[in-house]
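Peer 1: The structure is given below, and queries will be raised subsequently.
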Amino acid sequence: MAFTLLSDLKAGRCSNTAEVRLLRVWEARNINKGMELMSLDMLLIDENSTVVHGTVSALLQLRFRPRMTEGSVYTLSGFDVTRSSPKYRLSDAPVAIRFNDGTEFEKLATTSRTIPTEHFRFRPYDQILGLANTGRQLPDVMGELSAIRSTITDRIPGAQRVMLNLRLESDTTVCVSIFDSLALAFHSKLDVYGKEPRIVVVTAVNPKLVSGKLYLNGTSATRVFFDSETAVGVDALARLPSGGTDQAGSSSKVVHAQKIEPMTVSELNQFIFTADPQIIEFLCTAKVTEIQLDEGWCYIGCSTCSKKLIREETSFTCVPCNETNAVAKLKYRVILSVSDDTGAAAFLGFDEEIASLTHVLASDAAHIVGIGTNAQVDIDLPRSLANLVGSTYTFQLRLKDFNFGPNHRSFTISRIFPARDLAPKPTFSQDGGEDTDQSIPQSVATGLDVGAGIVNNGADQLTDADGARMVHEAAASGEDAGEATARKKARVE
C-alpha cells in the first residue's frame with residue numbers, strides 16, 4: 001500500500017493515507033468559558049521525521065480520543081489540510097491537519113516503516129533569546145539540572161509553581177517555569193523517579209524576556225523527560241564528566257518555599273512601620289471599595305517589552321529596546337482602594353494581574369488617541385474595572401524596601417485570587433537563589449488553556465493538567481512604571 005508523506009500535503013481535503021506515529025496529545029480548553037473543551041491537539045510524525053500539528057474538534061473528540069495512545073503508529077486518511085498558524089508554532093511544517101467526520105484513524109499492531117519514536121526542536125541559546133516575547137515558536141530545551149525551586153509543600157491543588165535551572169551545552173543557565181497542575185505532576189513524577197535527575201528535557205516552552213532576564217515558561221503542550229527516558233537524554237548523560245552516574249554525597253537540588261502568612265489590612269499597615277526593610281510576601285483578603293483615578297488606570301507601554309514609553313513630540317521612545325519609534329500598547333496600572341473589618345489600604349496592580357482578573361486586556365478596554373506628547377486614552381474608566389468594586393479577593397502582596405520608606409503609598413500586587421479559591425501558601429526563600437516572580441505561565445493560543453502533562457517512563461497516557469493558569473500577557477513594566485506619575489485625560493502615561 002502506498003502512503004503519502006506529511007511533507008507532500010497540500011491545503012484542502014486529503015483522501016490519501018498517511019502512516020504516522022502519535023508523539024503527544026493534549027486537550028485545548030477555553031478558560032473564559034469554564035474550561036470548556038475546544039479540541040484535542042496532537043503532534044504527528046512520519047518516516048521522514050516530518051512533524052505536523054493535528055487537531056480534533058470537541059464534537060469529534062469522543063470518537064477519536066479512546067483510540068489514541070501516545071507512541072503508537074496509525075494510518076490516517078480523509079482529513080483536512082490547513083496552513084499552519086504563525087503563532088506559538090510546535091512544528092516547522094507549513095501545514096496542519098484537522099480531523100473531520102470522514103477521517104479514519106486506525107492503530108497498527110506492527111509497521112514495516114521506521115518511524116522515529118521521539119522528536120525535539122532544540123534551539124541554541126541565541127535563537128531562543130531571539131524568540132523571546134514574539135509568540136512565534138515554542139522550542140524545546142535540554143540541559144543539566146542544577147536547581148529545583150518549588151512552592152509545592154503540601155500537595156494541595158491550587159496556584160503552584162516549579163522553577164528548574166538548566167545548564168545548556170553552551171554553559172548558559174536558563175530558568176524553566178512550570179505552573180499549577182503541571183507543577184504538581186512534576187513533583188509526582190519526581191517522587192516516583194526516586195532520585196533527582198541530572199538531564200531534563202522540557203518541550204514547548206514559551207521564551208519571555210522580563211527585565212533583561214530570559215524565562216522559559218511551560219505551556220499547555222509542555223512535557224518533561226528525565227535522564228534516559230529519551231535517546232537524546234541518554235547521549236547527554238554520557239557526555240557528562242561523570243559519565244551519567246550519580247555522584248555520591250551530592251546535596252539535594254530542591255529548594256522548597258517558605259509559607260506566605262495571611263495578614264489583615266491593619267496588620268499590613270502596622271508591619272511596614274515596625275519591621276525592618278525587607279523583601280517579603282503576604283496574603284490579604286479584602287474588598288475593593290474604589291478604583292483610584294488620580295493617577296489613572298493605565299500607562300502607555302512598549303508592545304515588545306511592556307516598559308513605559310517616553311513621549312516625544314511625534315513618536316514614542318523605548319529605552320530598553322533602544323527603539324526611537326516604538327509601537328505603543330496600553331498596559332494596566334491600577335490602584336485599588338480596599339478594606340476589611342480592620343482598616344483600609346491601597347493595592348497597586350499591573351498588567352498581568354489585572355488582565356488575569358478582568359479577562360480583558362488594557363489595549364482592548366480602551367484605545368490610544370493621538371501620538372507622542374498628545375496621546376490620550378478614549379475611556380475614563382473601563383466597565384471591566386468598574387465591575388471590580390464591591391468584590392472580595394485574596395491578594396498576594398510583594399513588599400520590597402521602598403514599601404518601608406516614608407513615601408510609601410500602596411502595596412504591589414503579585415497575584416489575585418477570588419476569596420473562595422485556594423490562595424498560594426508559599427514563596428521562595430531569599431537564600432534559594434534568583435528572584436523568579438516575573439515568570440508567568442503561557443498557553444499555546446490566546447484564550448486557550450490546554451491540558452498539559454508529565455511523561456512517566458513506559459506509560460501510555462499523560463497526566464492531565466487541567467488547572468493551568470492563563471494570563472493574557474506578560475507584565476514587564478515593574479516598579480519603574482509603578483512609581484511613575486500619570487496625566488489627564490483619563491490619566492494615562
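In the C-alpha cells, chains take the letters A, B, ... in the order shown, each chain's residues start at 1, and ligands count up from 1 in the order shown.
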Can you tell me which residues surround Asn217 in chain A at a distance of at most 6 Å, considering only C-alpha atoms, apart from same-chain residues fewer than 2 positions away, and format the answer as a list of chain:residue names?
Peer 2: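 With the cut-off at 6 Å, the set is A:Val176, A:Ser177, A:Val205, A:Asn206, A:Pro441.
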Peer 1: Save out the residues we just selected, N, CA, C and O atoms, as a CSV table (one decimal), in the first residue's frame.
Peer 2:
chain,number,residue,atom,x,y,z
A,176,VAL,N,13.5,27.5,33.7
A,176,VAL,CA,12.2,27.0,33.1
A,176,VAL,C,11.2,27.0,34.2
A,176,VAL,O,11.4,26.4,35.3
A,177,SER,N,10.0,27.6,33.9
A,177,SER,CA,9.0,27.8,34.9
A,177,SER,C,7.8,27.0,34.5
A,177,SER,O,7.3,27.1,33.4
A,205,VAL,N,8.3,25.3,25.3
A,205,VAL,CA,8.4,26.4,26.2
A,205,VAL,C,8.2,27.7,25.5
A,205,VAL,O,8.5,27.8,24.3
A,206,ASN,N,7.7,28.7,26.2
A,206,ASN,CA,7.5,30.0,25.6
A,206,ASN,C,8.5,31.0,26.2
A,206,ASN,O,8.4,31.3,27.4
A,441,PRO,N,3.0,31.8,33.5
A,441,PRO,CA,2.6,30.7,32.6
A,441,PRO,C,2.0,31.2,31.3
A,441,PRO,O,1.3,32.2,31.3
Peer 1: Counting only C-alpha atoms, what is within 7 Å of Asp41 in chain A, bar same-chain residues fewer than 5 positions away, as a PyMOL selection string?
Peer 2: chain A and resi 25-28+54-56
Peer 1: For all heavy atoms, I'd like the residues from the last selection saved as a short mmCIF file (atom, residue, chain, number, x, y, z; two decimals), in the first residue's frame.
Peer 2:
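Contents of selection23.cif, as written:
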data_model
loop_
_atom_site.label_atom_id
_atom_site.label_comp_id
_atom_site.auth_asym_id
_atom_site.auth_seq_id
_atom_site.Cartn_x
_atom_site.Cartn_y
_atom_site.Cartn_z
N VAL A 25 -0.40 14.17 22.74
CA VAL A 25 -1.77 14.64 22.59
C VAL A 25 -2.16 15.38 23.87
O VAL A 25 -1.75 15.00 24.96
CB VAL A 25 -2.74 13.46 22.31
CG1 VAL A 25 -2.73 12.45 23.44
CG2 VAL A 25 -4.16 13.98 22.05
N TRP A 26 -2.94 16.45 23.72
CA TRP A 26 -3.38 17.22 24.89
C TRP A 26 -4.72 17.88 24.58
O TRP A 26 -5.15 17.96 23.42
CB TRP A 26 -2.33 18.28 25.26
CG TRP A 26 -2.05 19.31 24.22
CD1 TRP A 26 -2.64 20.52 24.06
CD2 TRP A 26 -1.09 19.20 23.15
NE1 TRP A 26 -2.13 21.19 22.99
CE2 TRP A 26 -1.17 20.39 22.41
CE3 TRP A 26 -0.18 18.21 22.75
CZ2 TRP A 26 -0.38 20.63 21.28
CZ3 TRP A 26 0.60 18.45 21.65
CH2 TRP A 26 0.52 19.65 20.92
N GLU A 27 -5.40 18.32 25.62
CA GLU A 27 -6.72 18.93 25.48
C GLU A 27 -6.60 20.45 25.43
O GLU A 27 -5.87 21.05 26.23
CB GLU A 27 -7.63 18.54 26.64
CG GLU A 27 -7.96 17.06 26.68
CD GLU A 27 -8.87 16.72 27.85
OE1 GLU A 27 -9.01 17.56 28.77
OE2 GLU A 27 -9.44 15.62 27.85
N ALA A 28 -7.34 21.06 24.52
CA ALA A 28 -7.43 22.53 24.44
C ALA A 28 -8.75 22.96 25.07
O ALA A 28 -9.81 22.54 24.63
CB ALA A 28 -7.37 22.98 22.99
N GLY A 54 -1.74 18.40 14.67
CA GLY A 54 -3.08 17.93 14.33
C GLY A 54 -4.11 18.37 15.35
O GLY A 54 -3.79 18.60 16.52
N THR A 55 -5.37 18.49 14.92
CA THR A 55 -6.45 18.96 15.78
C THR A 55 -7.71 18.13 15.54
O THR A 55 -8.07 17.85 14.40
CB THR A 55 -6.77 20.44 15.52
OG1 THR A 55 -5.60 21.21 15.72
CG2 THR A 55 -7.85 20.94 16.46
N VAL A 56 -8.38 17.77 16.65
CA VAL A 56 -9.69 17.12 16.61
C VAL A 56 -10.67 18.03 17.34
O VAL A 56 -10.44 18.40 18.49
CB VAL A 56 -9.68 15.74 17.28
CG1 VAL A 56 -11.07 15.10 17.22
CG2 VAL A 56 -8.65 14.83 16.63
#
Peer 1: Out of range 97-307 of chain A, which residues get helix (DSSP H, G or I) from DSSP, as a ChimeraX atom specification?
Peer 2: /A:125-131,180-193,227-229,231-239,265-274
Peer 1: Rounded to one decimal in Å, what is the spacing between CA of Lys195 in chain A and CA of Gly233 in chain A?
Peer 2: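 Separating CA of Lys195 in chain A from CA of Gly233 in chain A is a distance of 15.8 Å.
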Peer 1: Find the residues around range 344-353 of chain A up to 7 Å (only C-alpha atoms counted), leave out those fewer than 4 positions away in its own chain, and share them as a VMD selection string.
Peer 2: chain A and resid 265 331 to 340 357 410 to 416 471 473 to 475
Peer 1: Atoms to include: N, CA and C atoms. Write the selected residues as a tab-separated table (two decimals), in the first residue's frame.
Peer 2:
chain	number	residue	atom	x	y	z
A	265	VAL	N	-5.66	43.96	56.85
A	265	VAL	CA	-5.20	45.25	56.35
A	265	VAL	C	-4.51	46.04	57.46
A	331	LYS	N	-1.17	49.45	28.90
A	331	LYS	CA	-0.92	48.48	29.96
A	331	LYS	C	-1.62	48.95	31.23
A	332	TYR	N	-2.12	47.99	31.99
A	332	TYR	CA	-2.78	48.34	33.24
A	332	TYR	C	-1.78	48.83	34.29
A	333	ARG	N	-2.18	49.85	35.02
A	333	ARG	CA	-1.56	50.26	36.26
A	333	ARG	C	-2.69	50.82	37.12
A	334	VAL	N	-3.25	49.97	37.96
A	334	VAL	CA	-4.50	50.29	38.65
A	334	VAL	C	-4.26	50.32	40.17
A	335	ILE	N	-4.69	51.40	40.80
A	335	ILE	CA	-4.65	51.49	42.26
A	335	ILE	C	-6.04	51.19	42.79
A	336	LEU	N	-6.16	50.13	43.57
A	336	LEU	CA	-7.43	49.70	44.15
A	336	LEU	C	-7.50	50.15	45.60
A	337	SER	N	-8.56	50.86	45.96
A	337	SER	CA	-8.84	51.10	47.38
A	337	SER	C	-9.52	49.86	47.93
A	338	VAL	N	-8.96	49.28	49.00
A	338	VAL	CA	-9.51	48.05	49.56
A	338	VAL	C	-9.71	48.23	51.06
A	339	SER	N	-10.54	47.37	51.62
A	339	SER	CA	-10.75	47.42	53.07
A	339	SER	C	-11.23	46.07	53.57
A	340	ASP	N	-11.00	45.83	54.86
A	340	ASP	CA	-11.61	44.70	55.55
A	340	ASP	C	-12.15	45.23	56.87
A	357	LEU	N	-7.51	39.00	36.01
A	357	LEU	CA	-8.71	39.13	36.83
A	357	LEU	C	-9.93	39.54	36.00
A	410	SER	N	1.27	52.59	48.59
A	410	SER	CA	0.48	51.44	48.18
A	410	SER	C	1.31	50.16	48.26
A	411	PHE	N	0.61	49.03	48.24
A	411	PHE	CA	1.24	47.72	48.24
A	411	PHE	C	1.10	47.11	46.85
A	412	THR	N	2.19	46.54	46.33
A	412	THR	CA	2.17	45.98	44.98
A	412	THR	C	1.62	44.57	44.98
A	413	ILE	N	0.67	44.32	44.10
A	413	ILE	CA	0.03	43.01	43.97
A	413	ILE	C	0.89	42.12	43.07
A	414	SER	N	1.13	40.89	43.51
A	414	SER	CA	1.83	39.93	42.65
A	414	SER	C	0.87	38.90	42.06
A	415	ARG	N	-0.23	38.61	42.76
A	415	ARG	CA	-1.27	37.72	42.23
A	415	ARG	C	-2.59	38.05	42.91
A	416	ILE	N	-3.69	37.71	42.23
A	416	ILE	CA	-5.02	37.96	42.78
A	416	ILE	C	-5.84	36.69	42.61
A	471	VAL	N	-2.77	33.68	31.63
A	471	VAL	CA	-2.76	35.14	31.66
A	471	VAL	C	-2.64	35.65	30.25
A	473	GLU	N	-1.08	38.41	29.01
A	473	GLU	CA	0.17	38.99	28.50
A	473	GLU	C	1.12	39.20	29.65
A	474	ALA	N	2.42	39.06	29.39
A	474	ALA	CA	3.41	39.26	30.45
A	474	ALA	C	3.52	40.73	30.80
A	475	ALA	N	3.52	41.02	32.09
A	475	ALA	CA	3.73	42.40	32.54
A	475	ALA	C	5.20	42.60	32.84
Peer 1: Identify, on the basis of only C-alpha atoms, every residue whose closest approach to Cys175 in chain A does not exceed 7 Å; exclude the query and any residue fewer than 6 positions from it along the same chain; express the result as an NGL selection string.
Peer 2: :A and (163-166 or 215-216)
Peer 1: Would you write out those residues with all heavy atoms, as a compact mmCIF listing (two decimals), in the first residue's frame?
Peer 2:
# COMPACT_ATOMS: atom_id res chain seq x y z
N MET A 163 10.36 26.00 39.45
CA MET A 163 11.39 26.57 38.59
C MET A 163 12.56 25.61 38.50
O MET A 163 13.09 25.17 39.52
CB MET A 163 11.87 27.91 39.14
CG MET A 163 11.13 29.10 38.56
SD MET A 163 9.39 29.10 38.93
CE MET A 163 9.41 29.58 40.63
N LEU A 164 12.95 25.29 37.28
CA LEU A 164 14.08 24.41 37.02
C LEU A 164 15.21 25.22 36.42
O LEU A 164 15.03 25.87 35.38
CB LEU A 164 13.68 23.29 36.05
CG LEU A 164 12.43 22.48 36.39
CD1 LEU A 164 12.13 21.49 35.27
CD2 LEU A 164 12.59 21.76 37.71
N ASN A 165 16.38 25.19 37.04
CA ASN A 165 17.56 25.80 36.45
C ASN A 165 18.30 24.75 35.64
O ASN A 165 18.74 23.73 36.19
CB ASN A 165 18.48 26.36 37.53
CG ASN A 165 18.04 27.73 38.01
OD1 ASN A 165 16.95 28.17 37.66
ND2 ASN A 165 18.87 28.39 38.80
N LEU A 166 18.41 24.97 34.33
CA LEU A 166 19.07 24.02 33.44
C LEU A 166 20.31 24.67 32.83
O LEU A 166 20.24 25.79 32.30
CB LEU A 166 18.12 23.58 32.32
CG LEU A 166 16.81 22.90 32.73
CD1 LEU A 166 16.02 22.49 31.49
CD2 LEU A 166 17.07 21.69 33.61
N TYR A 215 13.20 33.92 30.68
CA TYR A 215 12.45 32.86 31.34
C TYR A 215 11.81 31.98 30.27
O TYR A 215 11.29 32.48 29.27
CB TYR A 215 11.35 33.43 32.24
CG TYR A 215 11.87 34.22 33.41
CD1 TYR A 215 12.02 35.60 33.32
CD2 TYR A 215 12.20 33.60 34.61
CE1 TYR A 215 12.50 36.34 34.39
CE2 TYR A 215 12.67 34.34 35.69
CZ TYR A 215 12.82 35.70 35.57
OH TYR A 215 13.30 36.42 36.63
N LEU A 216 11.86 30.67 30.49
CA LEU A 216 11.23 29.72 29.58
C LEU A 216 10.00 29.16 30.28
O LEU A 216 10.11 28.30 31.15
CB LEU A 216 12.21 28.61 29.20
CG LEU A 216 13.55 29.09 28.62
CD1 LEU A 216 14.43 27.90 28.28
CD2 LEU A 216 13.35 29.97 27.40
Peer 1: Quick one: of A:Asp276, A:Asp46, A:Glu19, A:Glu229, who's nearest to Lys107 in chain A, counting only C-alpha atoms?
Peer 2: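 Checking each of A:Asp276, A:Asp46, A:Glu19, A:Glu229 against Lys107 in chain A, counting only C-alpha atoms, the winner is A:Glu19.
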Peer 1: From the set A:Met42, A:Met142, A:Cys298, A:Leu399, which residue has the shortest atom-to-atom contact distance to Ala365 in chain A, counting only C-alpha atoms?
Peer 2: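 For Ala365 in chain A, the nearest of the candidates is A:Cys298.
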Peer 1: So that I can see what lies close to Phe120 in chain A, please list as an MDAnalysis selection string the residues with an atom at most 9 Å from it, counting only C-alpha atoms and leaving out residues fewer than 4 positions away in the same chain.
Peer 2: chainID A and resid 139:141 203 232
